[in-house]
file upload_20.cif (mmCIF, C-alpha atoms and all ligand atoms)
data_data
#
loop_
_atom_site.label_atom_id
_atom_site.label_comp_id
_atom_site.auth_asym_id
_atom_site.auth_seq_id
_atom_site.Cartn_x
_atom_site.Cartn_y
_atom_site.Cartn_z
CA MET Z 1 248.40 176.48 61.97
CA LYS Z 2 245.95 173.63 61.41
CA ALA Z 3 244.35 173.70 57.95
CA ILE Z 4 242.45 171.35 55.70
CA GLN Z 5 244.69 170.33 52.81
CA LEU Z 6 244.18 168.33 49.63
CA HIS Z 7 246.33 165.35 48.57
CA GLU Z 8 245.06 165.96 45.04
CA PHE Z 9 241.88 167.20 43.34
CA GLY Z 10 239.01 164.69 43.44
CA GLY Z 11 236.70 163.11 46.00
CA PRO Z 12 236.30 164.05 49.69
CA GLU Z 13 238.80 161.31 50.66
CA HIS Z 14 241.58 163.63 49.44
CA LEU Z 15 240.84 166.16 52.21
CA TYR Z 16 243.00 165.88 55.35
CA LEU Z 17 243.89 167.98 58.37
CA GLY Z 18 247.45 169.24 57.87
CA GLU Z 19 249.65 172.20 58.70
CA ALA Z 20 250.10 175.48 56.83
CA PRO Z 21 251.96 178.71 57.65
CA VAL Z 22 249.87 181.41 59.37
CA PRO Z 23 249.18 183.90 56.52
CA GLU Z 24 250.89 187.29 56.75
CA VAL Z 25 248.58 190.25 57.03
CA GLY Z 26 249.10 192.89 54.32
CA ALA Z 27 248.02 196.51 53.91
CA GLY Z 28 244.24 196.92 54.03
CA GLN Z 29 243.82 193.41 55.44
CA VAL Z 30 242.97 191.78 58.74
CA LEU Z 31 244.05 188.42 60.18
CA ILE Z 32 241.12 186.53 61.71
CA GLU Z 33 241.45 183.69 64.20
CA VAL Z 34 238.74 181.40 62.87
CA ALA Z 35 236.17 179.92 65.26
CA ALA Z 36 233.82 178.57 62.60
CA THR Z 37 233.56 178.29 58.85
CA SER Z 38 230.83 176.74 56.70
CA VAL Z 39 230.69 174.50 53.68
CA ASN Z 40 229.41 175.89 50.40
CA ARG Z 41 228.74 174.03 47.15
CA PRO Z 42 231.57 175.95 45.41
CA ASP Z 43 233.99 174.26 47.90
CA ILE Z 44 233.02 170.91 46.38
CA ILE Z 45 233.71 172.23 42.88
CA GLN Z 46 237.09 173.65 44.01
CA ARG Z 47 237.98 170.32 45.67
CA GLN Z 48 237.23 168.60 42.34
CA GLY Z 49 239.69 170.97 40.60
CA ASN Z 50 237.13 173.06 38.73
CA TYR Z 51 236.94 176.33 40.70
CA PRO Z 52 240.37 177.83 41.41
CA PRO Z 53 240.63 180.79 43.81
CA PRO Z 54 241.06 184.25 42.28
CA PRO Z 55 244.75 185.27 41.90
CA GLY Z 56 246.26 186.24 45.27
CA ASP Z 57 243.70 184.35 47.37
CA SER Z 58 244.52 181.27 49.46
CA GLU Z 59 244.41 177.85 47.81
CA ILE Z 60 242.91 176.45 51.02
CA LEU Z 61 239.15 175.80 50.76
CA GLY Z 62 236.60 177.95 52.58
CA LEU Z 63 234.74 181.08 51.45
CA GLU Z 64 233.45 182.45 54.76
CA VAL Z 65 234.44 182.52 58.40
CA ALA Z 66 233.51 183.87 61.81
CA GLY Z 67 236.04 184.54 64.54
CA THR Z 68 238.14 187.14 66.29
CA VAL Z 69 240.41 189.80 64.84
CA SER Z 70 243.96 188.71 65.61
CA ALA Z 71 246.15 191.22 63.70
CA ILE Z 72 245.58 194.39 61.69
CA GLY Z 73 247.35 195.42 58.48
CA GLU Z 74 248.62 198.86 57.61
CA GLY Z 75 245.94 201.44 56.86
CA VAL Z 76 243.11 199.56 58.61
CA SER Z 77 241.38 201.75 61.18
CA GLN Z 78 237.87 200.32 61.46
CA TRP Z 79 238.85 197.04 63.20
CA GLU Z 80 240.64 196.27 66.47
CA LYS Z 81 242.27 193.16 67.84
CA GLY Z 82 239.62 191.09 69.64
CA ASP Z 83 236.61 192.27 67.58
CA ARG Z 84 234.01 189.51 66.96
CA VAL Z 85 233.64 189.44 63.19
CA PHE Z 86 232.51 187.41 60.20
CA ALA Z 87 233.92 187.73 56.71
CA LEU Z 88 233.69 186.79 53.07
CA VAL Z 89 237.06 185.45 51.93
CA GLY Z 90 238.35 184.44 48.49
CA GLY Z 91 239.70 181.22 50.06
CA GLY Z 92 241.40 179.92 53.20
CA GLY Z 93 238.41 179.53 55.54
CA TYR Z 94 239.12 175.88 56.47
CA ALA Z 95 242.02 176.90 58.73
CA GLU Z 96 242.88 178.32 62.14
CA TYR Z 97 243.73 181.73 60.67
CA VAL Z 98 242.64 183.51 57.50
CA ILE Z 99 243.25 186.84 55.82
CA ALA Z 100 240.27 189.03 54.93
CA HIS Z 101 240.13 192.43 53.25
CA ALA Z 102 239.04 195.05 55.80
CA GLY Z 103 235.99 195.92 53.68
CA HIS Z 104 234.87 192.28 53.50
CA ILE Z 105 234.33 191.99 57.25
CA MET Z 106 231.22 192.66 59.33
CA ARG Z 107 230.65 192.82 63.09
CA ILE Z 108 228.73 189.87 64.57
CA PRO Z 109 225.42 191.01 66.09
CA ASP Z 110 225.25 190.28 69.86
CA ASN Z 111 222.44 187.76 69.38
CA LEU Z 112 224.47 185.51 67.05
CA GLY Z 113 227.22 183.04 67.85
CA PHE Z 114 230.27 182.24 65.70
CA GLU Z 115 228.61 179.18 64.16
CA GLN Z 116 225.59 181.16 62.96
CA ALA Z 117 227.71 184.08 61.77
CA ALA Z 118 229.83 181.70 59.68
CA CYS Z 119 226.69 180.91 57.63
CA ILE Z 120 225.82 184.41 56.44
CA CYS Z 121 228.35 185.72 53.92
CA GLU Z 122 228.42 183.32 51.01
CA THR Z 123 224.77 182.30 51.09
CA TYR Z 124 222.81 185.37 52.19
CA ILE Z 125 224.94 187.84 50.22
CA THR Z 126 224.59 185.63 47.13
CA ALA Z 127 220.82 185.30 47.63
CA TRP Z 128 220.32 189.02 48.29
CA LEU Z 129 222.65 190.28 45.54
CA ASN Z 130 221.10 188.07 42.88
CA ALA Z 131 217.43 187.49 43.71
CA ILE Z 132 216.88 191.01 45.04
CA VAL Z 133 219.46 193.58 43.88
CA LEU Z 134 220.40 192.37 40.39
CA ALA Z 135 216.84 191.14 39.74
CA ASN Z 136 215.54 194.58 40.77
CA ALA Z 137 212.95 193.00 43.06
CA ALA Z 138 209.95 194.85 44.43
CA ASP Z 139 207.27 193.88 46.92
CA GLY Z 140 204.50 191.99 45.16
CA ASP Z 141 206.85 190.27 42.68
CA THR Z 142 206.44 186.54 42.16
CA PHE Z 143 209.65 184.57 42.80
CA LEU Z 144 210.67 181.08 41.71
CA LEU Z 145 213.58 179.73 43.78
CA HIS Z 146 215.20 176.41 42.90
CA GLY Z 147 216.63 173.96 45.42
CA GLY Z 148 214.82 175.23 48.50
CA GLY Z 149 216.72 173.05 50.97
CA GLY Z 150 220.17 174.36 50.07
CA GLY Z 151 222.21 177.08 51.74
CA VAL Z 152 221.66 179.82 49.14
CA ASN Z 153 218.02 179.05 48.54
CA THR Z 154 216.89 178.73 52.17
CA ALA Z 155 218.54 182.15 52.55
CA ALA Z 156 216.74 183.49 49.47
CA LEU Z 157 213.38 182.26 50.76
CA GLN Z 158 213.92 183.87 54.17
CA LEU Z 159 214.96 187.17 52.58
CA CYS Z 160 212.05 187.26 50.10
CA LYS Z 161 209.51 186.62 52.87
CA ALA Z 162 211.10 189.14 55.27
CA MET Z 163 211.72 191.95 52.78
CA PHE Z 164 208.74 191.54 50.45
CA PRO Z 165 205.79 190.27 52.50
CA ALA Z 166 203.33 190.80 49.63
CA SER Z 167 205.35 188.59 47.29
CA LYS Z 168 204.42 185.07 46.27
CA VAL Z 169 207.37 182.67 46.52
CA LEU Z 170 207.38 179.36 44.66
CA VAL Z 171 210.17 176.94 45.59
CA THR Z 172 211.38 173.68 44.06
CA ALA Z 173 212.68 171.03 46.49
CA SER Z 174 212.72 167.28 46.99
CA GLY Z 175 211.92 164.54 49.51
CA GLY Z 176 211.84 165.43 53.18
CA LYS Z 177 212.81 169.03 52.39
CA LEU Z 178 209.39 169.84 50.92
CA ALA Z 179 207.64 170.16 54.28
CA ARG Z 180 210.49 172.19 55.77
CA VAL Z 181 210.46 174.62 52.85
CA ARG Z 182 206.72 175.09 53.41
CA GLU Z 183 207.37 175.75 57.14
CA LEU Z 184 209.93 178.41 56.14
CA GLY Z 185 207.14 180.32 54.40
CA ALA Z 186 207.10 179.24 50.75
CA ASN Z 187 203.68 179.92 49.23
CA VAL Z 188 204.00 177.03 46.78
CA VAL Z 189 206.34 174.06 47.09
CA ILE Z 190 207.10 172.05 43.96
CA ASP Z 191 208.58 168.55 44.14
CA TYR Z 192 211.05 168.83 41.27
CA ARG Z 193 211.50 165.06 41.12
CA GLU Z 194 207.77 164.34 40.76
CA GLU Z 195 206.30 167.42 39.05
CA LYS Z 196 207.11 169.56 36.01
CA PHE Z 197 207.89 172.89 37.64
CA ALA Z 198 206.99 174.95 34.55
CA ALA Z 199 203.46 173.52 34.58
CA VAL Z 200 203.01 174.26 38.30
CA VAL Z 201 204.36 177.81 37.90
CA LYS Z 202 201.95 178.39 35.03
CA SER Z 203 198.90 177.21 36.96
CA GLU Z 204 199.91 178.95 40.21
CA THR Z 205 200.43 182.29 38.46
CA ASP Z 206 197.33 182.16 36.22
CA GLY Z 207 199.57 181.76 33.20
CA LYS Z 208 201.56 184.93 33.96
CA GLY Z 209 204.83 183.29 35.14
CA ALA Z 210 207.37 184.37 37.76
CA ASP Z 211 208.85 187.88 37.74
CA ILE Z 212 212.15 186.62 39.17
CA ILE Z 213 213.80 183.20 38.98
CA LEU Z 214 216.94 182.37 40.97
CA ASP Z 215 218.57 179.38 39.29
CA HIS Z 216 221.67 177.30 39.95
CA ILE Z 217 220.87 174.37 37.67
CA GLY Z 218 221.82 176.18 34.44
CA GLY Z 219 221.59 174.29 31.15
CA ALA Z 220 219.11 171.57 32.17
CA TYR Z 221 216.58 174.14 33.40
CA LEU Z 222 217.03 176.94 30.86
CA ALA Z 223 214.09 176.04 28.61
CA ASP Z 224 211.67 175.44 31.51
CA ASN Z 225 212.90 178.55 33.30
CA MET Z 226 212.19 180.67 30.22
CA LYS Z 227 208.72 179.10 29.98
CA SER Z 228 208.17 179.99 33.64
CA LEU Z 229 209.33 183.60 33.32
CA ALA Z 230 206.76 186.41 33.09
CA VAL Z 231 206.83 189.20 30.52
CA SER Z 232 209.67 191.55 31.62
CA GLY Z 233 210.86 188.79 34.00
CA ARG Z 234 214.46 188.36 35.21
CA LEU Z 235 216.23 184.97 35.29
CA VAL Z 236 219.38 185.14 37.41
CA VAL Z 237 221.74 182.20 36.89
CA ILE Z 238 224.25 181.59 39.69
CA GLY Z 239 225.24 177.97 39.14
CA ILE Z 240 225.52 175.21 36.57
CA MET Z 241 224.75 172.05 38.54
CA GLY Z 242 222.74 170.88 35.48
CA GLY Z 243 225.24 171.82 32.77
CA ALA Z 244 226.82 174.93 31.27
CA SER Z 245 225.06 175.14 27.92
CA ALA Z 246 221.58 174.92 26.41
CA GLU Z 247 219.55 176.21 23.47
CA LEU Z 248 217.69 179.50 23.89
CA ASN Z 249 214.71 180.82 21.88
CA ILE Z 250 216.00 184.38 21.50
CA ALA Z 251 212.92 185.56 19.57
CA LEU Z 252 210.61 184.60 22.42
CA MET Z 253 212.94 186.20 24.97
CA MET Z 254 212.92 189.41 22.91
CA VAL Z 255 209.17 189.53 22.42
CA LYS Z 256 208.58 188.87 26.14
CA ARG Z 257 211.25 191.48 27.05
CA GLN Z 258 212.95 189.04 29.42
CA SER Z 259 216.46 189.31 30.89
CA ILE Z 260 218.95 186.59 31.73
CA ILE Z 261 221.60 187.70 34.23
CA GLY Z 262 224.71 185.65 35.04
CA SER Z 263 226.53 186.37 38.26
CA VAL Z 264 229.34 185.14 40.53
CA LEU Z 265 230.46 186.74 43.76
CA ARG Z 266 233.96 185.34 44.26
CA SER Z 267 235.72 186.76 41.22
CA ARG Z 268 234.44 190.33 41.62
CA PRO Z 269 237.14 192.96 42.32
CA VAL Z 270 237.97 193.68 45.98
CA ALA Z 271 236.47 197.20 45.90
CA GLU Z 272 233.24 195.97 44.30
CA LYS Z 273 232.85 193.26 46.96
CA SER Z 274 233.46 195.91 49.64
CA ARG Z 275 230.59 198.00 48.25
CA ILE Z 276 228.28 194.97 48.08
CA ILE Z 277 229.14 194.00 51.68
CA ALA Z 278 228.63 197.55 52.97
CA ASP Z 279 225.17 197.62 51.34
CA PHE Z 280 224.36 194.17 52.69
CA ASN Z 281 225.47 195.19 56.19
CA HIS Z 282 223.24 198.23 56.05
CA THR Z 283 220.19 196.61 54.40
CA VAL Z 284 220.10 192.99 55.53
CA MET Z 285 222.06 192.67 58.79
CA PRO Z 286 219.37 194.50 60.84
CA LEU Z 287 217.06 191.55 60.04
CA PHE Z 288 219.53 189.22 61.80
CA ALA Z 289 220.18 191.64 64.65
CA ASP Z 290 216.47 191.96 65.50
CA GLY Z 291 215.80 188.23 65.12
CA THR Z 292 213.52 188.50 62.04
CA ILE Z 293 215.69 185.86 60.33
CA ALA Z 294 218.35 183.47 61.62
CA PRO Z 295 220.90 181.31 59.82
CA LEU Z 296 219.74 177.71 59.44
CA ILE Z 297 222.33 175.25 60.68
CA SER Z 298 221.78 171.67 59.57
CA ASP Z 299 224.93 170.04 61.03
CA THR Z 300 228.02 171.10 62.97
CA LEU Z 301 231.28 169.14 62.73
CA PRO Z 302 234.85 169.79 63.86
CA LEU Z 303 237.22 171.04 61.13
CA GLU Z 304 239.03 167.69 60.97
CA GLN Z 305 235.78 166.13 59.69
CA ALA Z 306 235.71 168.35 56.58
CA ALA Z 307 235.64 165.26 54.34
CA GLU Z 308 232.52 163.97 56.11
CA ALA Z 309 230.93 167.43 55.76
CA HIS Z 310 231.59 167.33 52.00
CA ARG Z 311 230.07 163.84 51.77
CA MET Z 312 226.95 165.13 53.55
CA MET Z 313 226.60 168.03 51.12
CA GLU Z 314 227.09 165.81 48.09
CA ALA Z 315 224.48 163.36 49.41
CA GLY Z 316 222.09 166.31 49.84
CA SER Z 317 221.24 165.28 53.41
CA HIS Z 318 221.51 168.84 54.76
CA PHE Z 319 218.82 171.50 55.08
CA GLY Z 320 220.47 174.92 55.26
CA LYS Z 321 224.15 175.00 56.18
CA ILE Z 322 226.88 172.62 57.34
CA VAL Z 323 229.28 174.28 59.81
CA LEU Z 324 232.89 173.36 60.65
CA THR Z 325 234.20 174.48 64.02
CA ILE Z 326 237.81 175.12 65.02
CA ASN Z 327 239.03 174.87 68.61
N1 LIG Z 401 227.25 182.70 41.64
C1 LIG Z 401 227.57 182.83 42.92
O1 LIG Z 401 228.04 183.88 43.35
C2 LIG Z 401 227.35 181.68 43.86
C3 LIG Z 401 227.71 181.77 45.22
C4 LIG Z 401 227.43 180.69 46.05
C5 LIG Z 401 226.83 179.55 45.53
N2 LIG Z 401 226.55 179.50 44.20
C6 LIG Z 401 225.89 178.32 43.61
O2 LIG Z 401 224.62 178.19 44.21
C7 LIG Z 401 224.25 176.80 44.23
C8 LIG Z 401 223.80 176.42 45.62
O3 LIG Z 401 224.90 176.44 46.50
P1 LIG Z 401 224.72 175.99 48.02
O4 LIG Z 401 226.01 176.22 48.71
O5 LIG Z 401 223.46 176.55 48.54
O6 LIG Z 401 224.55 174.40 47.78
P2 LIG Z 401 223.62 173.33 48.50
O7 LIG Z 401 223.40 173.73 49.92
O8 LIG Z 401 224.19 172.00 48.22
O9 LIG Z 401 222.22 173.49 47.73
C9 LIG Z 401 222.02 172.92 46.47
C10 LIG Z 401 220.56 172.60 46.36
O10 LIG Z 401 220.26 172.26 45.01
C11 LIG Z 401 219.20 171.38 45.01
N3 LIG Z 401 219.06 170.71 43.73
C12 LIG Z 401 219.86 169.78 43.17
N4 LIG Z 401 219.38 169.43 41.97
C13 LIG Z 401 218.27 170.18 41.77
C14 LIG Z 401 217.32 170.26 40.72
N5 LIG Z 401 217.45 169.54 39.60
N6 LIG Z 401 216.31 171.15 40.85
C15 LIG Z 401 216.15 171.90 41.93
N7 LIG Z 401 217.02 171.85 42.97
C16 LIG Z 401 218.05 170.99 42.88
C17 LIG Z 401 219.49 170.46 46.16
O11 LIG Z 401 218.28 169.94 46.61
P3 LIG Z 401 218.03 168.38 46.84
O12 LIG Z 401 219.02 167.93 47.87
O13 LIG Z 401 216.62 168.37 47.30
O14 LIG Z 401 218.25 167.71 45.52
C18 LIG Z 401 220.11 171.38 47.18
O15 LIG Z 401 219.15 171.82 48.12
C19 LIG Z 401 225.47 176.04 43.71
O16 LIG Z 401 225.28 175.75 42.35
C20 LIG Z 401 226.62 177.02 43.89
O17 LIG Z 401 227.67 176.79 43.00
C21 LIG Z 401 226.77 180.54 43.38
#

call {"tool": "encode", "arguments": {"input": "upload_20.cif", "output": "structure tokens"}}
result
Amino acid sequence: MKAIQLHEFGGPEHLYLGEAPVPEVGAGQVLIEVAATSVNRPDIIQRQGNYPPPPGDSEILGLEVAGTVSAIGEGVSQWEKGDRVFALVGGGGYAEYVIAHAGHIMRIPDNLGFEQAACICETYITAWLNAIVLANAADGDTFLLHGGGGGVNTAALQLCKAMFPASKVLVTASGGKLARVRELGANVVIDYREEKFAAVVKSETDGKGADIILDHIGGAYLADNMKSLAVSGRLVVIGIMGGASAELNIALMMVKRQSIIGSVLRSRPVAEKSRIIADFNHTVMPLFADGTIAPLISDTLPLEQAAEAHRMMEAGSHFGKIVLTIN
């Protein structure tokens, strides 16, 4: 099969379209013929050599796909050959065929195409699991979302507005993305390059702070995130684009009864991911099926242009998701 391969870890120039054996479907698994996959920031980190796949998962890049069921493994009864599906995979999405665990697959709603469906798993599940489930969100909470033009955070903004209409959502973004984040429904848009977000959060919340912060900057934002967090607030850290360590005032955190939650999706055990996906399918997928929210596609390129897609993501020129299609 065709698959994107790596000459060596490093820049996007090391990505090339090569050949790989079609993976063999095992018990409890399904083989999917991939029609579309999408690029996620963790793909960049894996390409650089800093985010290996969990043991047993494909070394090929790609964390989510949409396509057609092509073969069924032993013990799988809920899927049939020809089903239109989308899936979260531990790796292997940048290829003509990929293996997915039967519990990590969802049916594509009739109103969505393969390209849109390929944008849901990694970003919307991450946004929902972290900003809503782990943060124990409730309607009326104030949210601070960082990086409002990215895949995960456009998803988080859509989900907050759709699921918690009484909530106030503050979003950091930059450049031309500011206006688009406002159009998506953010109540307050903060230009993180021009403004100090902690000061804006303070004034916009009458000094109270945000109940929930979804952060992927890590070290560089820890101090300002803690300043921006309300009493009993929850800071959920899902990335370290701004460094992996920072100093924390534990006394203040204790007195303000705040929580810091760290979370990754990819390395969770298969059964745990199956439970998360079943809950997501039940709770969130109806919002896609009835058109309340739709995946935001910024650019669509053929699989062989994976290197160009990575360059686009690293330049930050996208708003929402970059899709790769496979003929
Ligand atoms: N833990 C998990 O399970 C999990 C799963 C998936 C993704 N992630 C993480 O989530 C993050 C987002 O992934 P993605 O695929 O959505 O990537 P993406 O589409 O590239 O989004 C990243 C966003 O970060 C913004 N950004 C960069 N520097 C910033 C700063 N200093 N302050 C505020 N925003 C800033 C960028 O905005 P500008 O272009 O405007 O600078 C961009 O919109 C990554 O760190 C990724 O590793 C975690």

call {"tool": "residues_near_point", "arguments": {"input": "upload_20.cif", "point": "(228.3, 185.7, 67.8)", "cutoff": "12 Å", "atoms": "all atoms listed in the file", "output": "PyMOL selection string"}}
result
chain Z and resi 35-36+65-68+83-86+106-120+288-289+294-295

call {"tool": "residues_near_point", "arguments": {"input": "upload_20.cif", "point": "(228.2, 176.2, 39.3)", "cutoff": "9 Å", "atoms": "only C-alpha atoms", "output": "mmCIF file with C-alpha atoms, in the frame of the given file"}}
result
data_model
loop_
_atom_site.group_PDB
_atom_site.id
_atom_site.type_symbol
_atom_site.label_atom_id
_atom_site.label_comp_id
_atom_site.auth_asym_id
_atom_site.auth_seq_id
_atom_site.Cartn_x
_atom_site.Cartn_y
_atom_site.Cartn_z
ATOM 1 C CA ARG Z 41 228.740 174.030 47.150
ATOM 2 C CA PRO Z 42 231.570 175.950 45.410
ATOM 3 C CA ILE Z 45 233.710 172.230 42.880
ATOM 4 C CA TYR Z 51 236.940 176.330 40.700
ATOM 5 C CA HIS Z 216 221.670 177.300 39.950
ATOM 6 C CA ILE Z 217 220.870 174.370 37.670
ATOM 7 C CA GLY Z 218 221.820 176.180 34.440
ATOM 8 C CA ILE Z 238 224.250 181.590 39.690
ATOM 9 C CA GLY Z 239 225.240 177.970 39.140
ATOM 10 C CA ILE Z 240 225.520 175.210 36.570
ATOM 11 C CA MET Z 241 224.750 172.050 38.540
ATOM 12 C CA GLY Z 242 222.740 170.880 35.480
ATOM 13 C CA GLY Z 243 225.240 171.820 32.770
ATOM 14 C CA ALA Z 244 226.820 174.930 31.270
#

call {"tool": "closest_atom_pairs", "arguments": {"input": "upload_20.cif", "of": "chain Z", "to": "ligand LIG 401 (chain Z)", "cutoff": "8 Å", "atoms": "only C-alpha atoms and all ligand atoms", "output": "CSV"}}
result
residue,atom,partner,partner_atom,distance
Z:Val39,CA,Z:LIG401,O4,7.0
Z:Asn40,CA,Z:LIG401,O4,3.8
Z:Arg41,CA,Z:LIG401,O4,3.8
Z:Pro42,CA,Z:LIG401,O17,4.7
Z:Ile45,CA,Z:LIG401,O17,7.6
Z:Glu122,CA,Z:LIG401,C4,5.7
Z:Thr123,CA,Z:LIG401,C4,5.9
Z:Thr126,CA,Z:LIG401,C3,5.3
Z:His146,CA,Z:LIG401,C15,4.7
Z:Gly147,CA,Z:LIG401,N7,3.3
Z:Gly148,CA,Z:LIG401,O15,5.5
Z:Gly149,CA,Z:LIG401,O15,3.9
Z:Gly150,CA,Z:LIG401,O9,3.2
Z:Gly151,CA,Z:LIG401,O5,3.5
Z:Val152,CA,Z:LIG401,O5,3.8
Z:Asn153,CA,Z:LIG401,O5,6.0
Z:Thr154,CA,Z:LIG401,O5,7.8
Z:Thr172,CA,Z:LIG401,C15,5.5
Z:Ala173,CA,Z:LIG401,O13,4.8
Z:Ser174,CA,Z:LIG401,O13,4.1
Z:Gly175,CA,Z:LIG401,O13,6.5
Z:Lys177,CA,Z:LIG401,O13,6.4
Z:Tyr192,CA,Z:LIG401,N6,5.8
Z:Arg193,CA,Z:LIG401,N5,7.6
Z:Asp215,CA,Z:LIG401,O2,7.9
Z:His216,CA,Z:LIG401,O16,4.6
Z:Ile217,CA,Z:LIG401,N5,6.2
Z:Ala220,CA,Z:LIG401,N5,7.9
Z:Tyr221,CA,Z:LIG401,N5,7.8
Z:Val237,CA,Z:LIG401,N1,7.3
Z:Ile238,CA,Z:LIG401,N1,3.7
Z:Gly239,CA,Z:LIG401,O16,3.9
Z:Ile240,CA,Z:LIG401,O16,5.8
Z:Met241,CA,Z:LIG401,O16,5.3
Z:Gly242,CA,Z:LIG401,N5,6.8
Z:Gly262,CA,Z:LIG401,N1,7.7
Z:Ser263,CA,Z:LIG401,N1,5.0
Z:Val264,CA,Z:LIG401,O1,3.4
Z:Leu265,CA,Z:LIG401,O1,3.8
Z:Arg266,CA,Z:LIG401,O1,6.2
Z:Met313,CA,Z:LIG401,O8,5.5
Z:Glu314,CA,Z:LIG401,O8,6.8
Z:Ala315,CA,Z:LIG401,O12,7.3
Z:Gly316,CA,Z:LIG401,O12,4.0
Z:Ser317,CA,Z:LIG401,O12,6.5
Z:His318,CA,Z:LIG401,O7,7.1
Z:Phe319,CA,Z:LIG401,O15,7.0
Z:Gly320,CA,Z:LIG401,O7,6.2
Z:Lys321,CA,Z:LIG401,O7,6.4

call {"tool": "write_last_selection", "arguments": {"input": "upload_20.cif", "atoms": "C-alpha atoms", "output": "tab-separated table (two decimals), keeping the file's coordinate frame"}}
result
chain	number	residue	atom	x	y	z
Z	39	VAL	CA	230.69	174.50	53.68
Z	40	ASN	CA	229.41	175.89	50.40
Z	41	ARG	CA	228.74	174.03	47.15
Z	42	PRO	CA	231.57	175.95	45.41
Z	45	ILE	CA	233.71	172.23	42.88
Z	122	GLU	CA	228.42	183.32	51.01
Z	123	THR	CA	224.77	182.30	51.09
Z	126	THR	CA	224.59	185.63	47.13
Z	146	HIS	CA	215.20	176.41	42.90
Z	147	GLY	CA	216.63	173.96	45.42
Z	148	GLY	CA	214.82	175.23	48.50
Z	149	GLY	CA	216.72	173.05	50.97
Z	150	GLY	CA	220.17	174.36	50.07
Z	151	GLY	CA	222.21	177.08	51.74
Z	152	VAL	CA	221.66	179.82	49.14
Z	153	ASN	CA	218.02	179.05	48.54
Z	154	THR	CA	216.89	178.73	52.17
Z	172	THR	CA	211.38	173.68	44.06
Z	173	ALA	CA	212.68	171.03	46.49
Z	174	SER	CA	212.72	167.28	46.99
Z	175	GLY	CA	211.92	164.54	49.51
Z	177	LYS	CA	212.81	169.03	52.39
Z	192	TYR	CA	211.05	168.83	41.27
Z	193	ARG	CA	211.50	165.06	41.12
Z	215	ASP	CA	218.57	179.38	39.29
Z	216	HIS	CA	221.67	177.30	39.95
Z	217	ILE	CA	220.87	174.37	37.67
Z	220	ALA	CA	219.11	171.57	32.17
Z	221	TYR	CA	216.58	174.14	33.40
Z	237	VAL	CA	221.74	182.20	36.89
Z	238	ILE	CA	224.25	181.59	39.69
Z	239	GLY	CA	225.24	177.97	39.14
Z	240	ILE	CA	225.52	175.21	36.57
Z	241	MET	CA	224.75	172.05	38.54
Z	242	GLY	CA	222.74	170.88	35.48
Z	262	GLY	CA	224.71	185.65	35.04
Z	263	SER	CA	226.53	186.37	38.26
Z	264	VAL	CA	229.34	185.14	40.53
Z	265	LEU	CA	230.46	186.74	43.76
Z	266	ARG	CA	233.96	185.34	44.26
Z	313	MET	CA	226.60	168.03	51.12
Z	314	GLU	CA	227.09	165.81	48.09
Z	315	ALA	CA	224.48	163.36	49.41
Z	316	GLY	CA	222.09	166.31	49.84
Z	317	SER	CA	221.24	165.28	53.41
Z	318	HIS	CA	221.51	168.84	54.76
Z	319	PHE	CA	218.82	171.50	55.08
Z	320	GLY	CA	220.47	174.92	55.26
Z	321	LYS	CA	224.15	175.00	56.18

call {"tool": "closest_residue", "arguments": {"input": "upload_20.cif", "among": "Z:Lys168, Z:His14, Z:Arg234, Z:His7", "to": "Z:Val189", "atoms": "only C-alpha atoms"}}
result
Z:Lys168

call {"tool": "residues_around", "arguments": {"input": "upload_20.cif", "residues": "Z:Ile276", "least_positions_apart": "6", "cutoff": "9 Å", "atoms": "all atoms listed in the file", "output": "list of chain:residue names"}}
result
Z:His104, Z:Ile125, Z:Leu129

call {"tool": "atom_distance", "arguments": {"input": "upload_20.cif", "atom1": "atom CA of Z:Leu134", "atom2": "atom CA of Z:Ile213"}}
result
11.4 Å

call {"tool": "atom_distance", "arguments": {"input": "upload_20.cif", "atom1": "atom CA of Z:Ala138", "atom2": "atom CA of Z:Ile250"}}
result
25.9 Å

call {"tool": "axis_aligned_box", "arguments": {"input": "upload_20.cif", "around": "stretch 194-210 of chain Z", "padding_each_side": "4 Å", "output": "AutoDock Vina command-line options"}}
result
--center_x 202.6 --center_y 174.6 --center_z 37.0 --size_x 18.6 --size_y 28.6 --size_z 15.6

call {"tool": "atom_distance", "arguments": {"input": "upload_20.cif", "atom1": "atom CA of Z:Lys81", "atom2": "atom CA of Z:Val270"}}
result
22.3 Å

call {"tool": "closest_residue", "arguments": {"input": "upload_20.cif", "among": "Z:Val188, Z:Ala179, Z:Val323, Z:Leu31", "to": "Z:Ser167", "atoms": "all atoms listed in the file"}}
result
Z:Val188

call {"tool": "closest_residue", "arguments": {"input": "upload_20.cif", "among": "Z:Gly209, Z:Val284, Z:Tyr97, Z:Ser259", "to": "Z:Ile132", "atoms": "only C-alpha atoms"}}
result
Z:Val284

call {"tool": "closest_residue", "arguments": {"input": "upload_20.cif", "among": "Z:Pro269, Z:Thr205, Z:Glu24, Z:Met312", "to": "Z:Pro55", "atoms": "all atoms listed in the file"}}
result
Z:Pro269

call {"tool": "closest_residue", "arguments": {"input": "upload_20.cif", "among": "Z:Ile190, Z:Ala309, Z:Ile212, Z:Ile44", "to": "Z:Ala131", "atoms": "all atoms listed in the file"}}
result
Z:Ile212

call {"tool": "closest_residue", "arguments": {"input": "upload_20.cif", "among": "Z:Arg311, Z:Lys161, Z:Lys202, Z:Lys208", "to": "Z:Asn187", "atoms": "all atoms listed in the file"}}
result
Z:Lys161
